[in-house]
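J.: My file is data.pdb. It has PDB, C-alpha atoms:
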MODEL        1
ATOM      1  CA  MET J   1     -14.835  18.876  -3.987
ATOM      2  CA  TYR J   2     -12.762  21.200  -6.152
ATOM      3  CA  SER J   3     -13.079  24.966  -6.439
ATOM      4  CA  VAL J   4     -12.766  25.200 -10.227
ATOM      5  CA  LYS J   5     -15.786  24.551 -12.420
ATOM      6  CA  SER J   6     -13.916  23.699 -15.599
ATOM      7  CA  SER J   7     -12.082  20.389 -15.875
ATOM      8  CA  LYS J   8      -9.717  21.912 -18.431
ATOM      9  CA  LEU J   9      -8.691  24.620 -15.982
ATOM     10  CA  PHE J  10      -8.221  22.091 -13.199
ATOM     11  CA  ASN J  11      -6.007  19.902 -15.376
ATOM     12  CA  LEU J  12      -4.074  22.997 -16.447
ATOM     13  CA  MET J  13      -3.251  24.066 -12.881
ATOM     14  CA  PRO J  14      -0.150  21.832 -12.435
ATOM     15  CA  PHE J  15       1.316  23.278 -15.630
ATOM     16  CA  LEU J  16       0.594  26.845 -14.529
ATOM     17  CA  LEU J  17       2.152  26.252 -11.116
ATOM     18  CA  GLY J  18       5.215  24.703 -12.709
ATOM     19  CA  PHE J  19       5.448  27.564 -15.184
ATOM     20  CA  ALA J  20       5.237  30.096 -12.348
ATOM     21  CA  ALA J  21       8.229  28.416 -10.709
ATOM     22  CA  ILE J  22      10.366  29.712 -13.590
ATOM     23  CA  ALA J  23      10.202  33.108 -11.896
ATOM     24  CA  TYR J  24      12.458  31.769  -9.144
ATOM     25  CA  VAL J  25      15.243  31.047 -11.635
ATOM     26  CA  GLY J  26      16.104  34.745 -11.683
ATOM     27  CA  SER J  27      16.527  34.790  -7.917
ATOM     28  CA  MET J  28      18.795  31.749  -8.081
ATOM     29  CA  LEU J  29      20.932  33.321 -10.807
ATOM     30  CA  LEU J  30      21.144  36.566  -8.858
ATOM     31  CA  GLY J  31      22.286  34.751  -5.728
ATOM     32  CA  ASN J  32      24.885  32.727  -7.618
ATOM     33  CA  THR J  33      26.174  35.848  -9.352
ATOM     34  CA  GLY J  34      26.420  37.620  -6.016
ATOM     35  CA  MET J  35      28.518  34.774  -4.601
ATOM     36  CA  ILE J  36      30.915  35.092  -7.549
ATOM     37  CA  LEU J  37      31.188  38.872  -7.673
ATOM     38  CA  GLU J  38      31.040  39.360  -3.904
ATOM     39  CA  PRO J  39      33.015  36.375  -2.545
ATOM     40  CA  ASP J  40      33.283  37.908   0.905
ATOM     41  CA  GLY J  41      29.512  37.831   1.169
ATOM     42  CA  LEU J  42      27.048  40.391   2.392
ATOM     43  CA  ASP J  43      26.172  41.280   5.954
ATOM     44  CA  ARG J  44      22.499  41.266   4.896
ATOM     45  CA  PRO J  45      21.796  38.590   2.255
ATOM     46  CA  ASP J  46      18.337  40.026   1.576
ATOM     47  CA  ARG J  47      20.024  43.170   0.211
ATOM     48  CA  ILE J  48      21.748  41.328  -2.611
ATOM     49  CA  LEU J  49      19.492  42.788  -5.317
ATOM     50  CA  PRO J  50      20.013  46.517  -4.601
ATOM     51  CA  VAL J  51      23.716  46.001  -3.857
ATOM     52  CA  MET J  52      24.305  44.236  -7.165
ATOM     53  CA  LEU J  53      22.223  46.732  -9.115
ATOM     54  CA  PHE J  54      23.815  49.901  -7.757
ATOM     55  CA  LYS J  55      27.303  48.444  -8.043
ATOM     56  CA  TYR J  56      27.161  46.912 -11.522
ATOM     57  CA  ALA J  57      24.188  48.496 -13.344
ATOM     58  CA  PRO J  58      23.541  52.066 -14.522
ATOM     59  CA  PHE J  59      22.096  54.260 -11.805
ATOM     60  CA  ALA J  60      18.856  54.947 -13.684
ATOM     61  CA  LEU J  61      18.212  51.254 -14.334
ATOM     62  CA  ALA J  62      19.075  50.304 -10.754
ATOM     63  CA  SER J  63      16.738  52.967  -9.389
ATOM     64  CA  LEU J  64      13.906  51.861 -11.673
ATOM     65  CA  VAL J  65      14.250  48.176 -10.766
ATOM     66  CA  CYS J  66      14.472  48.922  -7.043
ATOM     67  CA  ALA J  67      11.411  51.156  -7.263
ATOM     68  CA  GLY J  68       9.520  48.347  -8.982
ATOM     69  CA  GLY J  69      10.656  45.865  -6.356
ATOM     70  CA  ALA J  70       9.637  48.215  -3.565
ATOM     71  CA  ALA J  71       6.219  48.702  -5.160
ATOM     72  CA  ALA J  72       5.724  44.940  -5.480
ATOM     73  CA  ALA J  73       6.816  44.413  -1.877
ATOM     74  CA  MET J  74       4.470  47.134  -0.641
ATOM     75  CA  SER J  75       1.605  45.616  -2.622
ATOM     76  CA  SER J  76       2.173  42.178  -1.103
ATOM     77  CA  ALA J  77       2.713  43.565   2.391
ATOM     78  CA  ASN J  78      -0.422  45.675   2.096
ATOM     79  CA  SER J  79      -2.671  42.720   1.281
ATOM     80  CA  GLN J  80      -1.056  40.486   3.895
ATOM     81  CA  ILE J  81      -1.352  43.065   6.671
ATOM     82  CA  HIS J  82      -4.993  43.658   5.763
ATOM     83  CA  SER J  83      -5.597  39.896   5.845
ATOM     84  CA  MET J  84      -3.970  39.594   9.268
ATOM     85  CA  SER J  85      -6.051  42.499  10.509
ATOM     86  CA  ALA J  86      -9.267  40.907   9.242
ATOM     87  CA  VAL J  87      -8.393  37.555  10.797
ATOM     88  CA  TYR J  88      -7.623  39.167  14.150
ATOM     89  CA  THR J  89     -10.718  41.381  14.116
ATOM     90  CA  VAL J  90     -13.275  38.762  13.087
ATOM     91  CA  ASP J  91     -11.817  35.452  14.239
ATOM     92  CA  PHE J  92     -10.250  36.567  17.509
ATOM     93  CA  HIS J  93     -11.391  39.960  18.782
ATOM     94  CA  GLN J  94     -15.059  39.624  17.902
ATOM     95  CA  ARG J  95     -15.210  35.972  18.907
ATOM     96  CA  PHE J  96     -13.320  36.023  22.202
ATOM     97  CA  ILE J  97     -13.106  39.641  23.423
ATOM     98  CA  ASN J  98     -16.323  41.415  22.464
ATOM     99  CA  LYS J  99     -19.030  39.430  20.695
ATOM    100  CA  ASN J 100     -21.489  42.344  20.605
ATOM    101  CA  MET J 101     -19.326  44.870  18.774
ATOM    102  CA  SER J 102     -20.946  47.212  16.300
ATOM    103  CA  GLN J 103     -19.773  47.417  12.714
ATOM    104  CA  LYS J 104     -18.193  50.808  13.395
ATOM    105  CA  SER J 105     -16.218  49.398  16.321
ATOM    106  CA  LEU J 106     -15.044  46.471  14.207
ATOM    107  CA  VAL J 107     -13.753  48.879  11.582
ATOM    108  CA  TRP J 108     -11.767  50.812  14.184
ATOM    109  CA  VAL J 109     -10.330  47.625  15.678
ATOM    110  CA  GLY J 110      -9.273  46.583  12.189
ATOM    111  CA  ARG J 111      -7.579  49.926  11.582
ATOM    112  CA  ILE J 112      -5.675  49.737  14.845
ATOM    113  CA  ALA J 113      -4.657  46.145  14.087
ATOM    114  CA  ILE J 114      -3.308  47.237  10.695
ATOM    115  CA  LEU J 115      -1.181  49.908  12.368
ATOM    116  CA  VAL J 116       0.125  47.493  15.005
ATOM    117  CA  PHE J 117       1.007  44.760  12.504
ATOM    118  CA  ALA J 118       2.679  47.284  10.207
ATOM    119  CA  LEU J 119       4.830  48.647  13.047
ATOM    120  CA  ILE J 120       5.800  45.140  14.143
ATOM    121  CA  ALA J 121       6.809  44.223  10.591
ATOM    122  CA  TYR J 122       8.782  47.452  10.211
ATOM    123  CA  PHE J 123      10.796  47.080  13.408
ATOM    124  CA  MET J 124      11.468  43.396  12.751
ATOM    125  CA  SER J 125      12.762  44.119   9.250
ATOM    126  CA  VAL J 126      14.982  46.972  10.463
ATOM    127  CA  PHE J 127      16.417  45.563  13.677
ATOM    128  CA  ILE J 128      16.682  41.823  12.878
ATOM    129  CA  PRO J 129      19.260  41.354  10.078
ATOM    130  CA  GLY J 130      18.518  38.638   7.549
ATOM    131  CA  LEU J 131      15.008  38.111   8.868
ATOM    132  CA  LEU J 132      13.394  38.178   5.426
ATOM    133  CA  VAL J 133      15.602  35.352   4.184
ATOM    134  CA  ASN J 134      14.839  33.155   7.188
ATOM    135  CA  VAL J 135      11.130  33.922   7.077
ATOM    136  CA  GLY J 136      11.065  33.074   3.385
ATOM    137  CA  LEU J 137      12.814  29.760   3.999
ATOM    138  CA  VAL J 138      10.422  28.867   6.807
ATOM    139  CA  ALA J 139       7.409  29.903   4.733
ATOM    140  CA  LEU J 140       8.342  27.782   1.720
ATOM    141  CA  SER J 141       9.523  24.760   3.689
ATOM    142  CA  GLY J 142       6.625  25.120   6.113
ATOM    143  CA  THR J 143       4.107  25.127   3.290
ATOM    144  CA  ALA J 144       5.619  21.884   2.027
ATOM    145  CA  GLN J 145       4.720  20.264   5.359
ATOM    146  CA  VAL J 146       1.051  20.427   4.367
ATOM    147  CA  PHE J 147       1.718  17.817   1.678
ATOM    148  CA  VAL J 148       1.921  15.015   4.256
ATOM    149  CA  PRO J 149      -1.576  15.292   5.792
ATOM    150  CA  THR J 150      -3.079  16.176   2.411
ATOM    151  CA  ALA J 151      -1.726  13.011   0.802
ATOM    152  CA  GLY J 152      -2.676  10.990   3.863
ATOM    153  CA  ILE J 153      -6.269  12.176   3.826
ATOM    154  CA  LEU J 154      -6.625  11.437   0.125
ATOM    155  CA  PHE J 155      -5.012   7.996   0.044
ATOM    156  CA  TRP J 156      -5.127   6.537   3.574
ATOM    157  CA  LYS J 157      -8.505   5.911   5.163
ATOM    158  CA  LYS J 158      -7.006   5.390   8.635
ATOM    159  CA  SER J 159      -5.515   8.881   8.730
ATOM    160  CA  SER J 160      -6.796  10.986  11.603
ATOM    161  CA  PRO J 161      -7.056  14.707  12.382
ATOM    162  CA  THR J 162      -4.943  14.150  15.490
ATOM    163  CA  GLY J 163      -2.184  12.614  13.404
ATOM    164  CA  ALA J 164      -2.337  15.454  10.899
ATOM    165  CA  ILE J 165      -2.074  18.119  13.609
ATOM    166  CA  ALA J 166       0.709  16.284  15.443
ATOM    167  CA  GLY J 167       2.728  15.807  12.270
ATOM    168  CA  LEU J 168       2.316  19.403  11.146
ATOM    169  CA  LEU J 169       3.234  20.846  14.532
ATOM    170  CA  THR J 170       6.284  18.608  14.800
ATOM    171  CA  GLY J 171       7.499  19.478  11.319
ATOM    172  CA  VAL J 172       6.961  23.220  11.654
ATOM    173  CA  VAL J 173       8.483  23.451  15.143
ATOM    174  CA  LEU J 174      11.571  21.520  14.053
ATOM    175  CA  LEU J 175      11.841  23.702  10.965
ATOM    176  CA  CYS J 176      11.795  26.863  13.076
ATOM    177  CA  LEU J 177      14.418  25.424  15.427
ATOM    178  CA  PHE J 178      16.733  24.515  12.554
ATOM    179  CA  THR J 179      16.281  27.953  10.976
ATOM    180  CA  PHE J 180      16.460  30.296  13.953
ATOM    181  CA  THR J 181      18.796  28.383  16.283
ATOM    182  CA  SER J 182      22.182  26.719  15.989
ATOM    183  CA  MET J 183      20.700  23.222  15.764
ATOM    184  CA  SER J 184      22.159  21.205  12.905
ATOM    185  CA  VAL J 185      20.112  18.955  10.647
ATOM    186  CA  PRO J 186      20.987  15.257  11.065
ATOM    187  CA  PHE J 187      22.541  13.286   8.211
ATOM    188  CA  GLY J 188      23.356  16.479   6.310
ATOM    189  CA  LEU J 189      19.840  16.702   4.881
ATOM    190  CA  HIS J 190      18.019  19.892   3.991
ATOM    191  CA  SER J 191      15.962  21.086   6.940
ATOM    192  CA  GLY J 192      12.737  21.100   4.923
ATOM    193  CA  LEU J 193      13.247  17.528   3.705
ATOM    194  CA  PHE J 194      14.192  16.251   7.155
ATOM    195  CA  CYS J 195      11.128  17.897   8.704
ATOM    196  CA  ILE J 196       8.869  16.336   6.066
ATOM    197  CA  ILE J 197      10.295  12.905   6.927
ATOM    198  CA  ILE J 198       9.696  13.449  10.655
ATOM    199  CA  ASN J 199       6.269  14.898   9.880
ATOM    200  CA  THR J 200       5.388  11.755   7.929
ATOM    201  CA  ILE J 201       6.568   9.418  10.685
ATOM    202  CA  VAL J 202       4.629  11.286  13.376
ATOM    203  CA  PHE J 203       1.550  11.449  11.156
ATOM    204  CA  LEU J 204       1.589   7.695  10.510
ATOM    205  CA  VAL J 205       2.263   6.699  14.120
ATOM    206  CA  VAL J 206      -0.272   9.041  15.717
ATOM    207  CA  SER J 207      -2.927   8.224  13.117
ATOM    208  CA  ALA J 208      -2.412   4.509  13.742
ATOM    209  CA  VAL J 209      -3.066   4.834  17.489
ATOM    210  CA  SER J 210      -5.678   7.616  17.494
ATOM    211  CA  LYS J 211      -9.330   7.763  16.519
ATOM    212  CA  PRO J 212      -9.726   7.770  12.719
ATOM    213  CA  ARG J 213     -12.016  10.023  10.779
ATOM    214  CA  GLU J 214     -15.734   9.368  10.958
ATOM    215  CA  ALA J 215     -17.048   6.827   8.486
ATOM    216  CA  ALA J 216     -19.546   9.337   7.118
ATOM    217  CA  ILE J 217     -16.761  11.761   6.198
ATOM    218  CA  ILE J 218     -14.753   9.035   4.479
ATOM    219  CA  ALA J 219     -17.835   7.844   2.601
ATOM    220  CA  GLN J 220     -18.613  11.383   1.447
ATOM    221  CA  GLN J 221     -15.043  11.860   0.273
ATOM    222  CA  GLU J 222     -15.087   8.596  -1.670
ATOM    223  CA  GLU J 223     -18.413   9.513  -3.233
ATOM    224  CA  GLU J 224     -17.131  12.890  -4.382
ATOM    225  CA  LYS J 225     -13.978  11.297  -5.779
ATOM    226  CA  ALA J 226     -16.086   8.783  -7.693
ATOM    227  CA  ILE J 227     -18.263  11.562  -9.107
ATOM    228  CA  TYR J 228     -15.210  13.500 -10.227
ATOM    229  CA  ASN J 229     -13.538  10.453 -11.787
ATOM    230  CA  LYS J 230     -16.719   9.586 -13.633
ATOM    231  CA  ALA J 231     -17.168  13.115 -14.940
ATOM    232  CA  TYR J 232     -13.557  13.713 -15.967
TER
ENDMDL
END
Re-express the file's structure as structure tokens.

T.:
Amino acid sequence: MYSVKSSKLFNLMPFLLGFAAIAYVGSMLLGNTGMILEPDGLDRPDRILPVMLFKYAPFALASLVCAGGAAAAMSSANSQIHSMSAVYTVDFHQRFINKNMSQKSLVWVGRIAILVFALIAYFMSVFIPGLLVNVGLVALSGTAQVFVPTAGILFWKKSSPTGAIAGLLTGVVLLCLFTFTSMSVPFGLHSGLFCIIINTIVFLVVSAVSKPREAAIIAQQEEEKAIYNKAY
């Protein structure tokens, strides 16, 4: 049921995840400092780090930090673009376009996909100001939407796949609308929190009126939970 083999490591995971969140404190402090030192704001909020460094730090230190940030960004982008290329090549191109492709052809399709995705990412980052900030907000808030079906599957036997899909789609679509359009969030709530609430409502309603999970799947899940609880 769980991917880790050691119970100690599994129980340590919440602490490690919480500890990793400390890394975001620096970003928060940087943003707050930028609002104080640059009250007029920036035309590109995602440039706050280099602007602050080159304006208030020694040139050598600013260059070193920016080089490190660029290297980290390139490392993350590299792995993500390769992942997207692999997903497209294996899960889409080979499955729906050409099922009888040779290994050599698959490699070339993957290379072309890497180039295409890299060019798309480059032009979007250059010609759409503030895109990185909005994408980051959608990514973090969108990931939080997964909590609803996950909790429902674990603790509510009547939860259904249809309800999970409907809730997720509703939450993510609303989140994108709030982020990329002029729509305002009702009641002054944060867009991520409001979308989780709507996600939960849709999940509960659709699950209540749709076909629940198969009894065999629920029984297997309960059996695995019992085994885990007995062992740990």

J.: As lines of an AutoDock Vina configuration file, what would the box around range 154-171 of chain J look like: edges along x, y and z, 3 Å added on every side, centre and edge lengths in Å to one decimal?

T.:
center_x = -0.5
center_y = 13.1
center_z = 7.8
size_x = 22.0
size_y = 21.5
size_z = 21.4

J.: How far is it from CA of Ser160 in chain J to CA of Tyr228 in chain J, in Å with one decimal?

T.: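 Distance reported for this atom pair: 23.5 Å.
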
J.: At a cut-off of 9 Å, using all atoms listed in the file, what residues contact Val172 in chain J? Leave out same-chain residues fewer than 6 positions from it and give the result as a PDB file with C-alpha atoms, in the frame of the given file.

T.:
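Final output, around14.pdb:
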ATOM      1  CA  VAL J 138      10.422  28.867   6.807  1.00  0.00           C
ATOM      2  CA  SER J 141       9.523  24.760   3.689  1.00  0.00           C
ATOM      3  CA  GLY J 142       6.625  25.120   6.113  1.00  0.00           C
ATOM      4  CA  GLN J 145       4.720  20.264   5.359  1.00  0.00           C
ATOM      5  CA  CYS J 195      11.128  17.897   8.704  1.00  0.00           C
ATOM      6  CA  ASN J 199       6.269  14.898   9.880  1.00  0.00           C
TER       7      ASN J 199
END

J.: Within 10 Å of range 50-66 of chain J, counting only C-alpha atoms, which residues show up once you throw out same-chain ones fewer than 2 positions away? Write them as a list in words, please.

T.: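 So, after excluding close chain neighbours, the residues are Leu30, Gly31, Thr33, Gly34, Leu37, Glu38, Leu42, Pro45, Asp46, Arg47, Ile48, Gly68, Gly69, Ala70, Ala71 and Ala72 of chain J.
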
J.: Compare J:Ala121, J:Gln220, J:Gly26, J:Phe194 by their minimum atom-to-atom distance to Asn78 in chain J, counting all atoms listed in the file, and give me the closest one.

T.: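 That would be J:Ala121, the residue with the smallest distance to Asn78 in chain J.
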
J.: At a cut-off of 8 Å, using all atoms listed in the file, what residues contact Lys158 in chain J? Leave out same-chain residues fewer than 5 positions from it and give the result as a list in words.

T.: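 Non-adjacent residues within range: Ser207, Ala208, Pro212 and Arg213 of chain J.
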
J.: Calculate how many Å separate CA of Val146 in chain J from CA of Ala164 in chain J, rounding to one decimal.

T.: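 Between these atoms lies a distance of 8.9 Å.
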
J.: Which of these, J:Phe96, J:Phe203, J:Phe187, J:Phe147, has the shortest distance to Thr170 in chain J once you count all atoms listed in the file?

T.: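 Looking only at the distances to Thr170 in chain J, the closest residue turns out to be J:Phe203.
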
J.: For the PyMOL selection byres ((chain J and resi 82) around 12), applied here, can you spell out every residue it catches as an MDAnalysis selection string?

T.: chainID J and resid 74:81 83:89 107 109:118

J.: Kindly give the distance, in Å, that separates CA of Pro186 in chain J and CA of Asn32 in chain J, rounded to a single decimal.

T.: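 Atom-to-atom, CA of Pro186 in chain J to CA of Asn32 in chain J, that is 25.9 Å.
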
J.: Choose the residue, out of J:Ile97, J:Asn134, J:Ser125, J:Lys157, that has the smallest atom-to-atom separation from Ala219 in chain J; count all atoms listed in the file.

T.: J:Lys157

J.: Using all atoms listed in the file, which protein or nucleic acid residues come within 8 Å of Thr162 in chain J? Drop anything in the same chain fewer than 4 positions from it, and give the result as a list in words.

T.: Ala166, Val206, Ser207, Ser210 and Lys211 of chain J

J.: Select, from J:Val90, J:Ala226, J:Ala151, J:Ala20, the residue with the minimum atom-to-atom distance to Leu204 in chain J, counting only C-alpha atoms.

T.: J:Ala151

J.: When distances are computed from all atoms listed in the file, which of J:Met124, J:Ile36, J:Ile196, J:Leu17 shows the smallest separation from Thr143 in chain J?

T.: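 Smallest distance to Thr143 in chain J is found for J:Ile196.
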